[in-house]
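Structure below is entry01.txt: compact mmCIF, C-alpha atoms.
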```
# COMPACT_ATOMS: atom_id res chain seq x y z
CA MET A 8 -30.19 -27.00 -4.67
CA SER A 9 -30.65 -23.25 -5.14
CA SER A 10 -28.46 -21.98 -7.97
CA LYS A 11 -26.56 -19.79 -5.49
CA ALA A 12 -25.72 -22.79 -3.30
CA ALA A 13 -24.85 -24.76 -6.43
CA ILE A 14 -22.37 -22.11 -7.56
CA ALA A 15 -20.85 -21.77 -4.09
CA GLY A 16 -20.54 -25.55 -3.87
CA ASN A 17 -18.85 -25.69 -7.26
CA VAL A 18 -16.34 -23.03 -6.30
CA LEU A 19 -15.44 -25.00 -3.16
CA TRP A 20 -15.18 -28.20 -5.20
CA GLN A 21 -12.84 -26.56 -7.70
CA LYS A 22 -10.51 -25.42 -4.91
CA THR A 23 -10.40 -28.79 -3.17
CA PRO A 24 -7.34 -31.06 -3.57
CA LYS A 25 -8.29 -34.08 -5.64
CA ALA A 26 -7.74 -37.81 -5.88
CA ASN A 27 -8.56 -40.12 -8.78
CA ALA A 28 -12.28 -40.93 -8.69
CA GLU A 29 -11.75 -44.48 -9.89
CA PHE A 30 -9.04 -45.23 -7.36
CA PHE A 31 -11.31 -43.81 -4.68
CA ALA A 32 -14.24 -45.99 -5.76
CA LEU A 33 -12.00 -49.07 -5.82
CA THR A 34 -10.72 -48.24 -2.33
CA TYR A 35 -14.25 -47.85 -1.01
CA GLY A 36 -15.11 -51.17 -2.67
CA ALA A 37 -12.16 -52.80 -0.91
CA LEU A 38 -13.39 -51.38 2.40
CA VAL A 39 -16.90 -52.79 1.87
CA ALA A 40 -15.50 -56.13 0.75
CA GLU A 41 -13.36 -56.28 3.88
CA LEU A 42 -16.43 -55.60 6.02
CA VAL A 43 -18.37 -58.27 4.14
CA ARG A 44 -15.61 -60.77 4.94
CA ASP A 45 -15.36 -59.65 8.54
CA VAL A 46 -18.89 -58.81 9.62
CA GLU A 47 -21.04 -60.78 7.17
CA GLN A 48 -24.59 -59.63 8.08
CA PRO A 49 -25.65 -56.82 5.73
CA ALA A 50 -27.36 -54.85 8.52
CA LEU A 51 -24.22 -54.86 10.67
CA ILE A 52 -22.05 -53.93 7.68
CA ALA A 53 -24.30 -50.94 7.06
CA GLY A 54 -23.96 -50.03 10.74
CA GLU A 55 -20.16 -50.01 10.44
CA LEU A 56 -20.29 -47.90 7.28
CA ASP A 57 -22.69 -45.52 8.99
CA THR A 58 -20.35 -45.09 11.96
CA MET A 59 -17.35 -44.47 9.70
CA GLY A 60 -19.35 -41.98 7.65
CA HIS A 61 -20.47 -40.20 10.81
CA SER A 62 -16.95 -39.54 12.02
CA MET A 63 -15.86 -38.48 8.52
CA GLY A 64 -18.84 -36.10 8.38
CA MET A 65 -18.02 -34.51 11.75
CA ARG A 66 -14.48 -33.91 10.63
CA ALA A 67 -15.54 -32.65 7.20
CA MET A 68 -18.02 -30.13 8.63
CA GLU A 69 -15.41 -28.85 11.04
CA GLU A 70 -13.20 -28.10 8.05
CA PHE A 71 -16.11 -26.74 6.02
CA LEU A 72 -17.04 -24.26 8.76
CA ALA A 73 -13.44 -23.17 9.15
CA LYS A 74 -12.97 -22.63 5.41
CA THR A 75 -16.28 -21.07 4.45
CA ASP A 76 -17.19 -18.92 7.45
CA THR A 77 -20.67 -20.45 7.29
CA ARG A 78 -23.38 -19.87 9.90
CA CYS A 79 -26.33 -22.22 10.07
CA SER A 80 -28.54 -21.26 12.98
CA SER A 81 -31.79 -22.91 11.90
CA PHE A 82 -32.60 -26.37 10.57
CA GLU A 83 -34.57 -24.69 7.77
CA THR A 84 -31.38 -23.33 6.25
CA SER A 85 -29.43 -26.57 6.66
CA PRO A 86 -30.27 -27.98 3.18
CA ASP A 87 -28.17 -25.27 1.53
CA VAL A 88 -25.21 -26.02 3.77
CA MET A 89 -25.64 -29.75 3.16
CA THR A 90 -25.72 -29.41 -0.62
CA LYS A 91 -22.61 -27.24 -0.54
CA ALA A 92 -20.78 -29.69 1.72
CA LEU A 93 -21.79 -32.70 -0.40
CA LYS A 94 -20.43 -30.91 -3.45
CA MET A 95 -17.20 -29.93 -1.73
CA PHE A 96 -16.43 -33.32 -0.19
CA LEU A 97 -17.93 -35.73 -2.68
CA GLY A 98 -18.52 -33.78 -5.88
CA ILE A 99 -22.21 -34.70 -5.51
CA SER A 100 -24.80 -32.25 -6.90
CA ALA A 101 -27.81 -32.79 -4.66
CA ASP A 102 -31.30 -31.27 -4.69
CA ALA A 103 -32.99 -30.83 -1.33
CA ARG A 104 -36.76 -31.50 -1.17
CA TRP A 105 -38.79 -30.87 1.97
CA LYS A 106 -41.23 -33.63 2.83
CA SER A 107 -44.81 -32.53 3.39
CA ALA A 108 -45.84 -32.42 7.07
CA GLY A 109 -49.49 -31.36 6.98
CA ASP A 110 -50.07 -28.29 9.11
CA ASN A 111 -46.78 -28.50 10.94
CA GLN A 112 -43.45 -27.21 9.80
CA SER A 113 -41.63 -30.09 8.17
CA LYS A 114 -38.64 -31.51 10.00
CA THR A 115 -37.72 -33.86 7.17
CA TYR A 116 -36.14 -33.41 3.79
CA GLY A 117 -34.60 -35.57 1.14
CA LEU A 118 -31.23 -34.99 -0.54
CA GLN A 119 -31.58 -36.32 -4.08
CA PHE A 120 -28.75 -36.92 -6.53
CA THR A 121 -27.73 -39.13 -9.40
CA ASP A 122 -23.94 -38.77 -9.33
CA ASN A 123 -22.42 -41.06 -6.72
CA PRO A 124 -18.64 -41.41 -6.48
CA LEU A 125 -18.91 -44.53 -4.31
CA THR A 126 -20.60 -46.65 -6.95
CA LEU A 127 -18.42 -46.28 -10.05
CA PHE A 128 -18.35 -49.78 -11.62
CA VAL A 129 -20.25 -51.29 -8.70
CA GLU A 130 -22.83 -54.00 -9.19
CA LEU A 131 -24.00 -55.84 -6.12
CA PRO A 132 -24.08 -59.61 -6.46
CA ASP A 133 -27.52 -61.10 -5.80
CA GLU A 134 -26.58 -62.42 -2.38
CA TYR A 135 -25.80 -58.86 -1.29
CA ALA A 136 -28.89 -57.23 -2.75
CA ASP A 137 -29.84 -56.25 0.81
CA LEU A 138 -26.53 -54.54 1.52
CA GLU A 139 -26.88 -50.76 1.86
CA TYR A 140 -23.68 -50.02 -0.02
CA ASN A 141 -24.18 -46.25 0.26
CA GLN A 142 -24.78 -46.21 4.00
CA LEU A 143 -21.50 -44.35 4.50
CA LEU A 144 -23.20 -41.37 2.86
CA ALA A 145 -26.12 -41.44 5.31
CA GLY A 146 -23.66 -41.55 8.21
CA PHE A 147 -21.65 -38.78 6.57
CA CYS A 148 -24.73 -36.54 6.39
CA ARG A 149 -25.58 -37.32 10.02
CA GLY A 150 -22.06 -36.30 11.04
CA LEU A 151 -22.21 -33.08 8.98
CA LEU A 152 -25.51 -32.13 10.65
CA GLU A 153 -24.37 -33.04 14.14
CA MET A 154 -21.48 -30.61 13.79
CA LEU A 155 -24.10 -27.96 12.96
CA GLN A 156 -25.79 -28.88 16.28
CA PHE A 157 -28.64 -30.78 14.63
CA ASP A 158 -29.19 -34.28 15.97
CA CYS A 159 -30.80 -36.01 12.98
CA SER A 160 -31.74 -39.45 11.75
CA THR A 161 -30.56 -40.10 8.22
CA ALA A 162 -31.35 -42.99 5.90
CA ILE A 163 -30.83 -44.18 2.35
CA ALA A 164 -34.39 -43.84 1.03
CA GLN A 165 -33.60 -44.54 -2.60
CA SER A 166 -30.58 -46.12 -4.24
CA MET A 167 -29.77 -46.40 -7.94
CA LEU A 168 -27.71 -49.46 -7.05
CA ALA A 169 -30.97 -51.11 -5.94
CA GLY A 170 -32.75 -50.08 -9.14
CA ASP A 171 -34.25 -46.72 -8.10
CA THR A 172 -34.06 -43.87 -10.62
CA ILE A 173 -32.28 -41.57 -8.17
CA ASN A 174 -30.35 -41.72 -4.93
CA GLU A 175 -32.01 -40.11 -1.93
CA ILE A 176 -30.84 -39.58 1.63
CA THR A 177 -33.59 -38.52 4.01
CA VAL A 178 -32.78 -36.22 6.91
CA SER A 179 -35.13 -35.93 9.92
CA LEU A 180 -34.44 -33.58 12.79
CA ASN A 181 -34.60 -35.19 16.23
CA GLN A 182 -33.45 -32.23 18.31
CA VAL A 183 -31.29 -29.16 18.24
CA LEU A 184 -28.23 -29.81 20.38
CA GLU A 185 -26.90 -27.43 22.97
CA ASP A 186 -23.60 -25.75 22.22
CA GLY A 187 -20.74 -27.96 23.29
CA ALA A 188 -21.61 -31.13 21.39
CA GLY A 189 -18.46 -30.42 19.43
CA GLU A 190 -16.42 -30.90 22.59
CA ASP A 191 -17.39 -34.55 22.83
CA TYR A 192 -15.99 -34.98 19.36
CA GLN A 193 -12.69 -33.40 20.39
CA GLU A 194 -12.35 -35.86 23.22
CA GLU A 195 -13.02 -38.93 21.14
CA MET B 23 10.77 -38.82 -14.18
CA SER B 24 11.78 -37.49 -17.62
CA SER B 25 10.10 -34.18 -18.34
CA LYS B 26 8.27 -35.74 -21.30
CA ALA B 27 6.80 -38.48 -19.10
CA ALA B 28 5.98 -35.84 -16.47
CA ILE B 29 4.03 -33.76 -18.99
CA ALA B 30 2.21 -36.78 -20.40
CA GLY B 31 1.36 -37.91 -16.87
CA ASN B 32 0.03 -34.48 -16.01
CA VAL B 33 -2.19 -34.39 -19.10
CA LEU B 34 -3.67 -37.77 -18.16
CA TRP B 35 -4.17 -36.60 -14.58
CA GLN B 36 -5.99 -33.44 -15.72
CA LYS B 37 -8.41 -35.51 -17.80
CA THR B 38 -9.18 -38.01 -15.05
CA PRO B 39 -12.46 -37.78 -13.11
CA LYS B 40 -11.73 -36.70 -9.56
CA ALA B 41 -12.75 -37.33 -5.99
CA ASN B 42 -11.96 -35.25 -2.91
CA ALA B 43 -8.42 -36.06 -1.76
CA GLU B 44 -9.31 -35.73 1.90
CA PHE B 45 -12.36 -37.97 1.66
CA PHE B 46 -10.21 -40.48 -0.18
CA ALA B 47 -7.52 -40.41 2.52
CA LEU B 48 -10.14 -40.83 5.25
CA THR B 49 -11.67 -43.78 3.37
CA TYR B 50 -8.28 -45.43 3.03
CA GLY B 51 -7.72 -44.79 6.73
CA ALA B 52 -11.04 -46.49 7.51
CA LEU B 53 -9.98 -49.46 5.40
CA VAL B 54 -6.68 -49.81 7.26
CA ALA B 55 -8.41 -49.37 10.64
CA GLU B 56 -10.87 -52.11 9.69
CA LEU B 57 -7.98 -54.42 8.80
CA VAL B 58 -6.26 -53.56 12.08
CA ARG B 59 -9.40 -54.58 13.97
CA ASP B 60 -9.87 -57.70 11.89
CA VAL B 61 -6.39 -59.01 11.19
CA GLU B 62 -4.30 -57.46 13.96
CA GLN B 63 -0.74 -58.54 13.02
CA PRO B 64 0.96 -55.72 11.07
CA ALA B 65 2.63 -58.14 8.64
CA LEU B 66 -0.70 -59.77 7.72
CA ILE B 67 -2.38 -56.38 7.38
CA ALA B 68 0.33 -55.34 4.93
CA GLY B 69 -0.28 -58.59 3.05
CA GLU B 70 -3.97 -57.77 2.69
CA LEU B 71 -3.22 -54.24 1.53
CA ASP B 72 -0.69 -55.60 -0.94
CA THR B 73 -3.24 -58.01 -2.41
CA MET B 74 -5.87 -55.27 -2.74
CA GLY B 75 -3.34 -52.95 -4.35
CA HIS B 76 -2.31 -55.68 -6.78
CA SER B 77 -5.81 -56.19 -8.12
CA MET B 78 -6.37 -52.42 -8.32
CA GLY B 79 -3.09 -52.11 -10.23
CA MET B 80 -4.03 -54.83 -12.75
CA ARG B 81 -7.32 -53.10 -13.40
CA ALA B 82 -5.73 -49.65 -13.59
CA MET B 83 -3.08 -50.73 -16.11
CA GLU B 84 -5.74 -52.36 -18.27
CA GLU B 85 -7.48 -48.99 -18.43
CA PHE B 86 -4.22 -47.10 -18.87
CA LEU B 87 -3.23 -49.23 -21.87
CA ALA B 88 -6.67 -48.83 -23.42
CA LYS B 89 -6.66 -45.05 -22.98
CA THR B 90 -3.09 -44.19 -23.85
CA ASP B 91 -2.20 -46.62 -26.62
CA THR B 92 1.03 -47.34 -24.74
CA ARG B 93 3.50 -50.05 -25.68
CA CYS B 94 6.06 -51.23 -23.19
CA SER B 95 8.07 -54.07 -24.65
CA SER B 96 11.13 -53.92 -22.41
CA PHE B 97 11.58 -53.63 -18.66
CA GLU B 98 14.08 -50.82 -19.30
CA THR B 99 11.27 -48.55 -20.54
CA SER B 100 8.85 -49.49 -17.76
CA PRO B 101 9.85 -46.64 -15.38
CA ASP B 102 8.35 -44.09 -17.78
CA VAL B 103 5.08 -46.02 -17.95
CA MET B 104 5.03 -46.43 -14.19
CA THR B 105 5.57 -42.73 -13.49
CA LYS B 106 2.79 -41.84 -15.93
CA ALA B 107 0.41 -44.36 -14.38
CA LEU B 108 1.21 -43.25 -10.83
CA LYS B 109 0.45 -39.68 -11.86
CA MET B 110 -2.79 -40.63 -13.62
CA PHE B 111 -4.17 -42.87 -10.87
CA LEU B 112 -2.76 -41.29 -7.74
CA GLY B 113 -1.59 -37.82 -8.67
CA ILE B 114 1.87 -38.90 -7.49
CA SER B 115 4.91 -37.32 -9.18
CA ALA B 116 7.55 -40.02 -8.94
CA ASP B 117 11.19 -40.09 -10.00
CA ALA B 118 12.58 -43.42 -11.15
CA ARG B 119 16.19 -44.27 -10.15
CA TRP B 120 17.94 -47.40 -11.36
CA LYS B 121 19.88 -49.24 -8.69
CA SER B 122 23.48 -49.99 -9.52
CA ALA B 123 24.15 -53.61 -10.51
CA GLY B 124 27.89 -53.78 -11.05
CA ASP B 125 28.68 -55.10 -14.52
CA ASN B 126 25.23 -56.47 -15.17
CA GLN B 127 22.25 -54.61 -16.46
CA SER B 128 20.21 -53.54 -13.45
CA LYS B 129 16.88 -55.23 -12.91
CA THR B 130 15.94 -52.99 -10.00
CA TYR B 131 14.80 -49.41 -9.71
CA GLY B 132 13.24 -47.21 -7.09
CA LEU B 133 10.20 -44.98 -7.59
CA GLN B 134 10.73 -41.97 -5.32
CA PHE B 135 8.11 -39.40 -4.40
CA THR B 136 7.09 -37.06 -1.63
CA ASP B 137 3.39 -36.51 -2.40
CA ASN B 138 1.32 -39.38 -1.07
CA PRO B 139 -2.48 -39.19 -1.21
CA LEU B 140 -2.88 -42.09 1.24
CA THR B 141 -1.24 -40.33 4.14
CA LEU B 142 -3.00 -36.96 4.40
CA PHE B 143 -3.40 -36.33 8.17
CA VAL B 144 -2.05 -39.77 9.03
CA GLU B 145 0.13 -40.34 12.05
CA LEU B 146 0.71 -43.91 13.11
CA PRO B 147 0.28 -44.55 16.83
CA ASP B 148 3.39 -46.03 18.47
CA GLU B 149 1.92 -49.51 18.71
CA TYR B 150 1.55 -49.55 14.92
CA ALA B 151 4.98 -48.16 14.09
CA ASP B 152 5.67 -51.47 12.29
CA LEU B 153 2.58 -51.25 10.09
CA GLU B 154 3.44 -50.69 6.43
CA TYR B 155 0.58 -48.25 5.86
CA ASN B 156 1.60 -47.63 2.24
CA GLN B 157 1.79 -51.29 1.28
CA LEU B 158 -1.23 -50.85 -1.02
CA LEU B 159 1.04 -48.76 -3.25
CA ALA B 160 3.64 -51.52 -3.51
CA GLY B 161 0.89 -53.98 -4.45
CA PHE B 162 -0.52 -51.44 -6.88
CA CYS B 163 2.86 -51.12 -8.65
CA ARG B 164 3.21 -54.91 -8.77
CA GLY B 165 -0.22 -55.14 -10.42
CA LEU B 166 0.59 -52.39 -12.92
CA LEU B 167 3.79 -54.19 -13.92
CA GLU B 168 2.18 -57.62 -14.11
CA MET B 169 -0.29 -56.27 -16.65
CA LEU B 170 2.75 -55.16 -18.69
CA GLN B 171 3.93 -58.82 -18.51
CA PHE B 172 6.65 -58.09 -15.94
CA ASP B 173 6.55 -60.33 -12.90
CA CYS B 174 8.22 -58.14 -10.27
CA SER B 175 8.81 -57.95 -6.55
CA THR B 176 7.91 -54.57 -5.09
CA ALA B 177 8.51 -53.20 -1.63
CA ILE B 178 8.21 -50.03 0.40
CA ALA B 179 11.89 -49.17 0.81
CA GLN B 180 11.40 -45.73 2.38
CA SER B 181 8.38 -44.15 3.99
CA MET B 182 7.93 -40.57 5.18
CA LEU B 183 5.37 -41.92 7.65
CA ALA B 184 8.22 -43.83 9.27
CA GLY B 185 10.48 -40.78 9.35
CA ASP B 186 12.31 -41.12 6.01
CA THR B 187 12.80 -37.97 3.95
CA ILE B 188 11.09 -39.46 0.88
CA ASN B 189 8.84 -42.37 -0.04
CA GLU B 190 10.38 -45.06 -2.21
CA ILE B 191 8.94 -48.17 -3.79
CA THR B 192 11.55 -50.56 -5.15
CA VAL B 193 10.78 -52.65 -8.22
CA SER B 194 12.81 -55.79 -9.04
CA LEU B 195 12.18 -57.85 -12.14
CA ASN B 196 11.74 -61.57 -11.50
CA GLN B 197 10.82 -62.66 -15.02
CA VAL B 198 9.11 -61.50 -18.17
CA LEU B 199 5.79 -63.31 -18.45
CA GLU B 200 4.53 -65.01 -21.56
CA ASP B 201 1.59 -63.40 -23.32
CA GLY B 202 -1.61 -64.59 -21.79
CA ALA B 203 -1.02 -63.74 -18.15
CA GLY B 204 -3.82 -61.23 -18.60
CA GLU B 205 -6.21 -64.12 -19.20
CA ASP B 206 -5.78 -65.36 -15.66
CA TYR B 207 -6.86 -61.95 -14.48
CA GLN B 208 -10.00 -62.11 -16.60
CA GLU B 209 -10.95 -65.37 -14.98
CA GLU B 210 -10.46 -64.14 -11.42
```
Since I need it in another form, could you write the structure as C-alpha cells?
Amino acid sequence: MSSKAAIAGNVLWQKTPKANAEFFALTYGALVAELVRDVEQPALIAGELDTMGHSMGMRAMEEFLAKTDTRCSSFETSPDVMTKALKMFLGISADARWKSAGDNQSKTYGLQFTDNPLTLFVELPDEYADLEYNQLLAGFCRGLLEMLQFDCSTAIAQSMLAGDTINEITVSLNQVLEDGAGEDYQEE
Amino acid sequence: MSSKAAIAGNVLWQKTPKANAEFFALTYGALVAELVRDVEQPALIAGELDTMGHSMGMRAMEEFLAKTDTRCSSFETSPDVMTKALKMFLGISADARWKSAGDNQSKTYGLQFTDNPLTLFVELPDEYADLEYNQLLAGFCRGLLEMLQFDCSTAIAQSMLAGDTINEITVSLNQVLEDGAGEDYQEE
C-alpha cells in the first residue's frame, strides 16, 4: 500500500465506530460453525461465505464512496481504493502487488496482509483443513470492486490458517461494467 | 451503572482491540439469516443464539477475570461486574436496576441500555416480528454469570427492535454454583 493510501486508510479507520475484535471473531466463528452444521461440504460453505461477503462488500463500498468522495475510474487505480477500504472496514493493512503479465498490461493483483480479524484464536480441526475459512474476505473484495464497476474474480491465494506465511487475496479483472450495475443492487 | 464501574468499563473498552462496528453488525445479521434459513422457527432460532451467546460469555468472563483481577463473591455485587464486562466486550453502557422483591432480598435485576451493536441497520420484517434477535446477548450474560459461579436465568425483557424505548436483559439468580463449574467448561 502506498504510504499516502495507508495514512488515508488509517484516518478512516480511526473515525469508524468500533466493536470488540474478539467478540467479532467469535461471532464469525459461530457463523462458520453454523454453516458447517448446515451445509457440510467445505466447497459449498465457502460459496455461502463468498456470497455473504459479496453483499457486505457492495454495501460497504457504497458507504465508502459516500463518505470519502472517492473516484476510481480505472482498474489500475483500484488497489489504492481497495487497501483503504480494507483498512476502514476490517482494520487490515494490505499491500497490493501486481502480477506479471508479460507484454500485456496486468489485469491481476494480489492483496497481501498478515493481520486478519476473522481468525483470532482460530485453528481449523484436521477434518476441515480444506475449508476456506477466509472466503468471506474474497467475496467482500469482489463486492467492493463490483460497486466500483469492476467485475472481478477474487480468490484466497494464500492463507496463514493453512500454514502460508501471509494471507493473499488475488483480484483478476473480468470486465468493466456499464454504469447502472448499482441499480441491480438496489433492487435486490 | 455506578460512575466508578462506568469509568473502569470505559478504560477496559479503550484498551480492547477493535473491529469495525458495521462489519460486525452485518456479520451477526448473516449469522441470524443463516439460522432463519436453517432452523426456521423463531423460538428455536433464539435457542441457538442463546447457546452461542452462552459459550461466548463463558469465554469472555474467563478473559475478563484474568485481565482485571476481579473478585465477585456475592450476587449483590455482580451488576457492577456485568456492566463492566458488557462495556468491555460489546461497548454497551448498561444501567443495572434491582427488581423489587417485597420483604425478601431481590434475586433479580435488569440490565438496561440503549446502545446495541447487534442491531445497527436492523429492521425485522413483519414475518419475523417474533424473532428474539438479541437473544445472543441474554445467553452472553448467562455465560458471564455462570463463570462467576452464579447459575442464572436471563431473558430479553425489552427490545428497541420490537418497539420498546430501551433494551433490557433481566437476570434472576437460580443458585450459587460450587467451585469447579469452570472445569466442565474446560472439558467442553
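With distances taken over all atoms listed in the file, B:Lys129 is the one residue among B:Arg81, B:Lys129, B:Lys26, B:Arg93 lying closest to Val198 (chain B).
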Tell me which protein, DNA and RNA residues are within 6 Å of Ala162 (chain A), counting only C-alpha atoms, leaving out same-chain ones fewer than 3 positions away, and put them as a list of chain:residue names. A:Ala145, A:Ile176, A:Thr177
With the cut-off set at 9 Å and counting all atoms listed in the file, tabulate each residue of chain A with an atom at most that distance from an atom of chain B, showing the nearest atom pair and its distance in Å to one decimal, ordered by chain and increasing number, as CSV.
```
residue,atom,partner,partner_atom,distance
A:Trp20,CA,B:Asn42,CA,8.1
A:Thr23,CA,B:Asn42,CA,6.7
A:Pro24,CA,B:Ala43,CA,5.4
A:Lys25,CA,B:Ala43,CA,4.4
A:Ala26,CA,B:Ala43,CA,4.5
A:Asn27,CA,B:Lys40,CA,4.7
A:Ala28,CA,B:Lys40,CA,4.4
A:Glu29,CA,B:Pro39,CA,7.5
A:Phe30,CA,B:Phe111,CA,6.5
A:Phe31,CA,B:Phe46,CA,5.7
A:Ala32,CA,B:Ala41,CA,8.8
A:Leu33,CA,B:Met78,CA,7.0
A:Thr34,CA,B:Tyr50,CA,6.5
A:Tyr35,CA,B:Thr49,CA,6.5
A:Ala37,CA,B:Met74,CA,7.0
A:Leu38,CA,B:Leu53,CA,4.9
A:Val39,CA,B:Leu53,CA,8.5
A:Glu41,CA,B:Leu57,CA,7.5
A:Leu42,CA,B:Glu56,CA,7.5
A:Asp45,CA,B:Asp60,CA,6.7
A:Met59,CA,B:Ala52,CA,7.0
A:Gly60,CA,B:Thr49,CA,9.0
A:Met63,CA,B:Leu48,CA,7.0
A:Ala67,CA,B:Phe45,CA,8.3
A:Met95,CA,B:Asn42,CA,7.6
A:Phe96,CA,B:Asn42,CA,5.6
A:Leu97,CA,B:Asn42,CA,6.0
A:Gly98,CA,B:Ala41,CA,6.8
A:Pro124,CA,B:Ala41,CA,7.2
```
Of A:Ser107, A:Thr121, A:Asn174, A:Ser166, the one sitting nearest Leu138 (chain A) when using only C-alpha atoms is A:Ser166
Counting all atoms listed in the file, which residues come within 7 Å of (-33.4, -35.3, 15.8), with the point read in the file's coordinates, and could you list them as a VMD selection string? chain A and resid 157 to 160 179 to 183
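When only C-alpha atoms are used to measure the gap to Leu93 (chain A), the shortest distance among A:Gln156, A:Gln112, A:Asn123, A:Thr161 belongs to A:Asn123.
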Would you kindly return, as a ChimeraX atom specification, each protein, DNA or RNA residue with an atom no farther than 10 Å from any atom of Leu72 (chain A), considering all atoms listed in the file and excluding same-chain residues fewer than 4 positions away? /A:67-68,76-79,88,92,154-155
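Across the model, the gap from CA of Thr172 (chain A) to CA of Ala15 (chain A) is 26.6 Å.
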Between A:Gln142, A:Ser100, A:Asn17, A:Gln119, smallest distance to Glu175 (chain A) by only C-alpha atoms belongs to A:Gln119
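As for CA of Cys148 (chain A) and CA of Glu47 (chain A), they are spaced 24.5 Å apart.
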Given 3 Å of margin on each side, can you work out the centre and size in Å (one decimal) of an axis-aligned box holding every listed atom of region 42-45 of chain A, as lines of an AutoDock Vina configuration file?
```
center_x = -16.9
center_y = -58.2
center_z = 6.3
size_x = 9.0
size_y = 11.2
size_z = 10.4
```
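Across the structure, CA of Asp122 (chain A) and CA of Val144 (chain B) are spaced 28.6 Å apart.
Proximity to Glu84 (chain B) was assessed for B:Gly165, B:Pro64, B:Gly185, B:Gly132 counting all atoms listed in the file; the smallest distance is recorded for B:Gly165.
Restricting the calculation to only C-alpha atoms, the smallest distance between Gly16 (chain A) and any of A:Asp57, A:Thr84, A:Ala101, A:Ile52 is found for A:Ala101.
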N, CA, C and O atoms for region 34-48 of chain B, written as a compact mmCIF listing (two decimals), in the frame of the given file, could you do that?
```txt
# COMPACT_ATOMS: atom_id res chain seq x y z
N LEU B 34 -2.76 -36.68 -18.53
CA LEU B 34 -3.67 -37.77 -18.16
C LEU B 34 -4.38 -37.45 -16.85
O LEU B 34 -5.57 -37.68 -16.68
N TRP B 35 -3.61 -36.93 -15.89
CA TRP B 35 -4.17 -36.60 -14.58
C TRP B 35 -5.26 -35.53 -14.71
O TRP B 35 -6.32 -35.61 -14.10
N GLN B 36 -5.00 -34.52 -15.54
CA GLN B 36 -5.99 -33.44 -15.72
C GLN B 36 -7.30 -34.00 -16.26
O GLN B 36 -8.38 -33.53 -15.91
N LYS B 37 -7.21 -34.98 -17.14
CA LYS B 37 -8.41 -35.51 -17.80
C LYS B 37 -9.20 -36.49 -16.93
O LYS B 37 -10.32 -36.86 -17.26
N THR B 38 -8.58 -36.93 -15.84
CA THR B 38 -9.18 -38.01 -15.05
C THR B 38 -10.28 -37.49 -14.13
O THR B 38 -10.09 -36.47 -13.48
N PRO B 39 -11.42 -38.18 -14.08
CA PRO B 39 -12.46 -37.78 -13.11
C PRO B 39 -11.90 -37.82 -11.69
O PRO B 39 -11.10 -38.69 -11.36
N LYS B 40 -12.35 -36.87 -10.87
CA LYS B 40 -11.73 -36.70 -9.56
C LYS B 40 -12.68 -36.94 -8.38
O LYS B 40 -13.88 -36.78 -8.49
N ALA B 41 -12.07 -37.29 -7.28
CA ALA B 41 -12.75 -37.33 -5.99
C ALA B 41 -12.00 -36.39 -5.04
O ALA B 41 -10.90 -35.95 -5.35
N ASN B 42 -12.60 -36.10 -3.91
CA ASN B 42 -11.96 -35.25 -2.91
C ASN B 42 -10.80 -36.01 -2.25
O ASN B 42 -10.96 -37.13 -1.76
N ALA B 43 -9.62 -35.38 -2.26
CA ALA B 43 -8.42 -36.06 -1.76
C ALA B 43 -8.55 -36.41 -0.28
O ALA B 43 -8.09 -37.46 0.17
N GLU B 44 -9.19 -35.51 0.47
CA GLU B 44 -9.31 -35.73 1.90
C GLU B 44 -10.27 -36.89 2.18
O GLU B 44 -10.00 -37.76 3.01
N PHE B 45 -11.39 -36.89 1.48
CA PHE B 45 -12.36 -37.97 1.66
C PHE B 45 -11.72 -39.31 1.27
O PHE B 45 -11.94 -40.33 1.92
N PHE B 46 -10.92 -39.28 0.23
CA PHE B 46 -10.21 -40.48 -0.18
C PHE B 46 -9.27 -40.97 0.92
O PHE B 46 -9.26 -42.15 1.28
N ALA B 47 -8.48 -40.03 1.48
CA ALA B 47 -7.52 -40.41 2.52
C ALA B 47 -8.24 -40.96 3.75
O ALA B 47 -7.79 -41.93 4.37
N LEU B 48 -9.37 -40.35 4.09
CA LEU B 48 -10.14 -40.83 5.25
C LEU B 48 -10.71 -42.23 4.97
O LEU B 48 -10.77 -43.07 5.86
```
